[in-house]
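Enquirer: Got a structure for you, written out below as structure tokens; questions coming shortly.
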Amino acid sequence: MPDEPQTLDPAAPPAARARTAAPAGALAADSSAPGRHGVWVVRLVVGIVLAALNLRPAITSLGALFEEVRDGLHMSGSVAGVLTSVPPLCFAVFGITAPRLARRFGPAAVVCAGMAAIFAGLAVRPFASGTVGFLAASALALMGIAVSNVLMPVIVKRYFPDRIGTMTGLYSMALALGTSLAAAATVPMTEAMGGSWRTGLGVWAVLAALAVLPWIPLVRDRGARGTAGPVRDAAASPQAAPLRITRSRTAWALGCFFGLQATGAYITMGWMPQIFRDAGVPAGTAGVLLAVTMVMGVPLAFVIPRLATRLRNQGPIAVVLGLCGLAGYTGLYFAPAAGAWAWALLLGVSNCAFPLALTMIGMRSRTGAGVVRLSAFAQSVGYLISIPGPLLVGVLYQHSGGWGLPIALMAGLMVPQMIVGTLAGRDRTVEDEC
């Protein structure tokens, strides 16, 4: 049976009511089988970590071998430019389908299918003989990433309502680790395995295959019990009351914040090594600088969500991260080579707006159904906003003949990011506004 809702204190702040409204003891042990419950929890945590590790290697491994892939598939410059915009486009288009899929099959089943899609796409992509097949296989993997992106905050909110910061930090850290690992290790592994870009990309399918395994028994558990684990999954309930998320100012602020931080992250991943190389930094060092920026997200992705859940207002964190981005871009503008390591570190800190956004998704709704809708809305709107950024930077670089104008644009985007981050961080929930 569903958990009985607790009585909410109307005088309590919205964030406190959100924590109270979460199912009490969402992971309460089955009194008849406490040992089985412990195994189930461990399996769920392992599944979350492995899933998070697989949410970016499909993108960053391709970035590391992009030149070789272009040459191997004889891609034109325009097609290659389209390929760089495929990830956020897929995240926006397929991510919006996650709530309906979760209501129909349950979040665990959808994440399991998402991991299987990532595995299939990464396994098939290296065998593509042409651009169309390569794009189709990439889209399959990105579709799995998209629905998993949306549902990870939902699973954390549902099964760890009193550990949102810790669990969000854990999977954000795993996501950052997967991102930096693929960026740093793809080229060396490719060279060690014979130098073929097809082998270098295909090896990441092994990690995706491992991520499928812990979710299979979780899905079977749901089928056997009629639940998504030890308790009924309200996030997947078809009886969930409709929530008109577009009426919430907080949802729009969070979507814009997500989009602006994603814009900065994709610009950094796509263009930062080239900025350093054009400033005279050796190619190998430029790659290491990008890895440093990505690695900064590993420890901070664990710390920031825990800090965020202890504050009633997360706006100050958004401002501090934005100021780090402003400082990093200012340094790139005036002395890109002289202070390269400092700018890489500052931009790495700034990119940790991503785990902050994920944490706020879990905190800005009281219910599992609300988190599903808010996560899908914020991420879909956000990724749509992020699509033009990398392309616009490339156009400005080409027509201006230098990096001054593009870097000024990147720095300028930090200002609205801090503003909408402050609005999204206010102590309220979307249910109150809708």
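The chains in the structure tokens are called A, B, ... from first to last as shown; in each chain the residues are counted from 1, and the ligands are counted from 1 in the order shown.
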Please identify all polymer residues within 12 Å of Tyr329 of chain A, counting only C-alpha atoms, omitting same-chain residues fewer than 2 positions from it, and present them as a PyMOL selection string.
Expert: chain A and resi 264+267-268+272+275+322-327+331-336+339-340+342-348+350+403-414
Enquirer: Please report as JSON lines every residue of segment 290-342 of chain A lying within 12 Å of segment 358-380 of chain A, along with the nearest atom pair and their distance in Å (one decimal), using only C-alpha atoms.
Expert:
{"residue": "A:Ala301", "atom": "CA", "partner": "A:Thr359", "partner_atom": "CA", "distance": 10.2}
{"residue": "A:Phe302", "atom": "CA", "partner": "A:Thr359", "partner_atom": "CA", "distance": 10.8}
{"residue": "A:Val303", "atom": "CA", "partner": "A:Thr359", "partner_atom": "CA", "distance": 11.4}
{"residue": "A:Ile304", "atom": "CA", "partner": "A:Thr359", "partner_atom": "CA", "distance": 8.8}
{"residue": "A:Pro305", "atom": "CA", "partner": "A:Thr359", "partner_atom": "CA", "distance": 5.7}
{"residue": "A:Arg306", "atom": "CA", "partner": "A:Thr359", "partner_atom": "CA", "distance": 8.7}
{"residue": "A:Leu307", "atom": "CA", "partner": "A:Thr359", "partner_atom": "CA", "distance": 10.0}
{"residue": "A:Ala308", "atom": "CA", "partner": "A:Thr359", "partner_atom": "CA", "distance": 7.3}
{"residue": "A:Thr309", "atom": "CA", "partner": "A:Thr359", "partner_atom": "CA", "distance": 7.6}
{"residue": "A:Arg310", "atom": "CA", "partner": "A:Met363", "partner_atom": "CA", "distance": 10.9}
{"residue": "A:Leu311", "atom": "CA", "partner": "A:Met363", "partner_atom": "CA", "distance": 10.7}
{"residue": "A:Arg312", "atom": "CA", "partner": "A:Met363", "partner_atom": "CA", "distance": 9.8}
{"residue": "A:Asn313", "atom": "CA", "partner": "A:Met360", "partner_atom": "CA", "distance": 9.8}
{"residue": "A:Gln314", "atom": "CA", "partner": "A:Met360", "partner_atom": "CA", "distance": 7.9}
{"residue": "A:Gly315", "atom": "CA", "partner": "A:Met360", "partner_atom": "CA", "distance": 10.2}
{"residue": "A:Ile317", "atom": "CA", "partner": "A:Met360", "partner_atom": "CA", "distance": 11.3}
{"residue": "A:Ala318", "atom": "CA", "partner": "A:Met360", "partner_atom": "CA", "distance": 10.8}
Enquirer: Would you put the residues from that selection into a file with all heavy atoms, as a short mmCIF file (atom, residue, chain, number, x, y, z; two decimals), in the first residue's frame?
Expert:
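Final output, saved to result_14.cif:
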data_model
loop_
_atom_site.label_atom_id
_atom_site.label_comp_id
_atom_site.auth_asym_id
_atom_site.auth_seq_id
_atom_site.Cartn_x
_atom_site.Cartn_y
_atom_site.Cartn_z
N ALA A 301 31.65 18.06 -6.75
CA ALA A 301 30.31 17.55 -7.02
C ALA A 301 29.76 16.79 -5.82
O ALA A 301 28.54 16.62 -5.70
CB ALA A 301 30.33 16.64 -8.24
N PHE A 302 30.62 16.34 -4.93
CA PHE A 302 30.16 15.69 -3.71
C PHE A 302 29.92 16.71 -2.60
O PHE A 302 28.99 16.58 -1.81
CB PHE A 302 31.18 14.64 -3.25
CG PHE A 302 30.71 13.81 -2.09
CD1 PHE A 302 29.74 12.84 -2.28
CD2 PHE A 302 31.23 14.00 -0.82
CE1 PHE A 302 29.29 12.07 -1.21
CE2 PHE A 302 30.79 13.24 0.25
CZ PHE A 302 29.81 12.27 0.05
N VAL A 303 30.75 17.74 -2.54
CA VAL A 303 30.67 18.73 -1.47
C VAL A 303 29.49 19.69 -1.67
O VAL A 303 28.73 19.97 -0.73
CB VAL A 303 31.99 19.52 -1.36
CG1 VAL A 303 31.85 20.67 -0.37
CG2 VAL A 303 33.13 18.59 -0.97
N ILE A 304 29.32 20.21 -2.88
CA ILE A 304 28.34 21.26 -3.12
C ILE A 304 26.90 20.81 -2.84
O ILE A 304 26.15 21.53 -2.17
CB ILE A 304 28.49 21.81 -4.55
CG1 ILE A 304 29.79 22.65 -4.64
CG2 ILE A 304 27.29 22.66 -4.95
CD1 ILE A 304 30.10 23.17 -6.01
N PRO A 305 26.45 19.63 -3.30
CA PRO A 305 25.08 19.23 -2.95
C PRO A 305 24.85 19.09 -1.45
O PRO A 305 23.78 19.44 -0.95
CB PRO A 305 24.92 17.88 -3.68
CG PRO A 305 25.88 17.94 -4.81
CD PRO A 305 27.05 18.69 -4.27
N ARG A 306 25.84 18.57 -0.73
CA ARG A 306 25.69 18.44 0.73
C ARG A 306 25.57 19.81 1.38
O ARG A 306 24.78 20.01 2.31
CB ARG A 306 26.88 17.67 1.31
CG ARG A 306 26.89 16.19 0.93
CD ARG A 306 28.20 15.53 1.34
NE ARG A 306 28.42 15.58 2.78
CZ ARG A 306 27.95 14.70 3.65
NH1 ARG A 306 27.21 13.68 3.22
NH2 ARG A 306 28.21 14.80 4.94
N LEU A 307 26.36 20.77 0.91
CA LEU A 307 26.28 22.13 1.43
C LEU A 307 24.93 22.76 1.07
O LEU A 307 24.29 23.42 1.89
CB LEU A 307 27.42 22.97 0.87
CG LEU A 307 27.41 24.46 1.22
CD1 LEU A 307 27.51 24.66 2.72
CD2 LEU A 307 28.55 25.18 0.49
N ALA A 308 24.49 22.52 -0.17
CA ALA A 308 23.24 23.14 -0.64
C ALA A 308 22.04 22.70 0.18
O ALA A 308 21.15 23.50 0.47
CB ALA A 308 23.03 22.80 -2.12
N THR A 309 21.99 21.42 0.56
CA THR A 309 20.85 20.92 1.32
C THR A 309 20.82 21.44 2.75
O THR A 309 19.80 21.32 3.43
CB THR A 309 20.83 19.38 1.34
OG1 THR A 309 22.08 18.89 1.84
CG2 THR A 309 20.59 18.83 -0.05
N ARG A 310 21.92 22.00 3.22
CA ARG A 310 21.96 22.56 4.57
C ARG A 310 21.57 24.03 4.61
O ARG A 310 21.47 24.61 5.68
CB ARG A 310 23.36 22.39 5.16
CG ARG A 310 23.75 20.92 5.36
CD ARG A 310 25.16 20.78 5.89
NE ARG A 310 25.52 19.37 6.05
CZ ARG A 310 26.71 18.95 6.47
NH1 ARG A 310 27.64 19.83 6.79
NH2 ARG A 310 26.96 17.66 6.58
N LEU A 311 21.38 24.61 3.45
CA LEU A 311 21.01 26.02 3.36
C LEU A 311 19.55 26.15 2.93
O LEU A 311 19.06 25.36 2.12
CB LEU A 311 21.90 26.75 2.35
CG LEU A 311 23.41 26.75 2.63
CD1 LEU A 311 24.14 27.43 1.48
CD2 LEU A 311 23.71 27.44 3.95
N ARG A 312 18.88 27.16 3.45
CA ARG A 312 17.50 27.41 3.02
C ARG A 312 17.48 28.04 1.64
O ARG A 312 16.53 27.86 0.88
CB ARG A 312 16.81 28.31 4.03
CG ARG A 312 16.59 27.67 5.38
CD ARG A 312 15.84 28.58 6.32
NE ARG A 312 14.52 28.94 5.80
CZ ARG A 312 13.66 29.71 6.43
NH1 ARG A 312 13.97 30.22 7.61
NH2 ARG A 312 12.49 29.99 5.89
N ASN A 313 18.52 28.79 1.31
CA ASN A 313 18.60 29.47 0.02
C ASN A 313 19.92 29.12 -0.64
O ASN A 313 20.99 29.36 -0.07
CB ASN A 313 18.48 30.99 0.23
CG ASN A 313 18.36 31.75 -1.08
OD1 ASN A 313 18.89 31.35 -2.11
ND2 ASN A 313 17.66 32.87 -1.05
N GLN A 314 19.86 28.54 -1.84
CA GLN A 314 21.07 28.12 -2.54
C GLN A 314 21.61 29.19 -3.48
O GLN A 314 22.60 28.97 -4.18
CB GLN A 314 20.80 26.83 -3.34
CG GLN A 314 20.53 25.62 -2.48
CD GLN A 314 19.14 25.63 -1.88
OE1 GLN A 314 18.17 25.95 -2.56
NE2 GLN A 314 19.03 25.28 -0.61
N GLY A 315 20.94 30.37 -3.50
CA GLY A 315 21.38 31.44 -4.38
C GLY A 315 22.82 31.88 -4.18
O GLY A 315 23.55 32.08 -5.15
N ILE A 317 25.39 30.19 -3.36
CA ILE A 317 26.31 29.23 -4.00
C ILE A 317 26.36 29.50 -5.49
O ILE A 317 27.43 29.49 -6.11
CB ILE A 317 25.86 27.78 -3.72
CG1 ILE A 317 25.79 27.51 -2.22
CG2 ILE A 317 26.83 26.80 -4.39
CD1 ILE A 317 25.31 26.11 -1.88
N ALA A 318 25.19 29.75 -6.11
CA ALA A 318 25.15 30.04 -7.54
C ALA A 318 25.97 31.28 -7.87
O ALA A 318 26.65 31.35 -8.90
CB ALA A 318 23.71 30.21 -8.00
#
Enquirer: So how many Å separate atom CA of Thr179 of chain A and atom CA of Met269 of chain A, to one decimal?
Expert: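 Atom-to-atom, atom CA of Thr179 of chain A to atom CA of Met269 of chain A, that is 10.0 Å.
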Enquirer: Between A:Leu391, A:Ala279, A:Ile155, A:Ala141, single out the one closest to Ala80 of chain A, counting only C-alpha atoms.
Expert: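 Smallest separation from Ala80 of chain A among the options: A:Leu391.
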Enquirer: Would you work out the distance separating atom CA of Leu65 of chain A from atom CA of Trp197 of chain A, expressed in Å to one decimal?
Expert: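 Atom-to-atom, atom CA of Leu65 of chain A to atom CA of Trp197 of chain A, that is 6.6 Å.
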Enquirer: Quick one: pick out all alpha helix (DSSP H) residues within segment 185-220 of chain A from a backbone DSSP run and write them as JSON, numbers by chain.
Expert: {"A": [185, 186, 187, 188, 189, 190, 191, 192, 197, 198, 199, 200, 201, 202, 204, 205, 206, 207, 208, 209, 210, 211, 212, 215, 216, 217, 218, 219, 220]}
Enquirer: From the list A:Met75, A:Leu423, A:Leu392, A:Leu213, which residue is nearest Gly130 of chain A when using only C-alpha atoms?
Expert: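 With only C-alpha atoms as the atom set, the closest residue is A:Met75.
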Enquirer: Write out as a list of chain:residue names which residues come within 10 Å of Val69 of chain A when counting only C-alpha atoms, dropping same-chain ones fewer than 5 positions away.
Expert: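 My list of contacting residues is A:Leu62, A:Gly63, A:Ala64, A:His74, A:Met75, A:Ala80, A:Pro126, A:Thr131, A:Phe134, A:Ser196, A:Trp197, A:Arg198, A:Leu201.
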Enquirer: Please report the interatomic distance between atom CA of Val132 of chain A and atom CA of Ala209 of chain A in Å with one decimal.
Expert: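 A separation of 24.2 Å between them.
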Enquirer: Skip Leu53 of chain A itself and residues of its chain fewer than 6 positions away, then list as a PyMOL selection string all residues within 12 Å of it, counting only C-alpha atoms.
Expert: chain A and resi 46-47+115+118+145+148-149+170-182+204-212+298
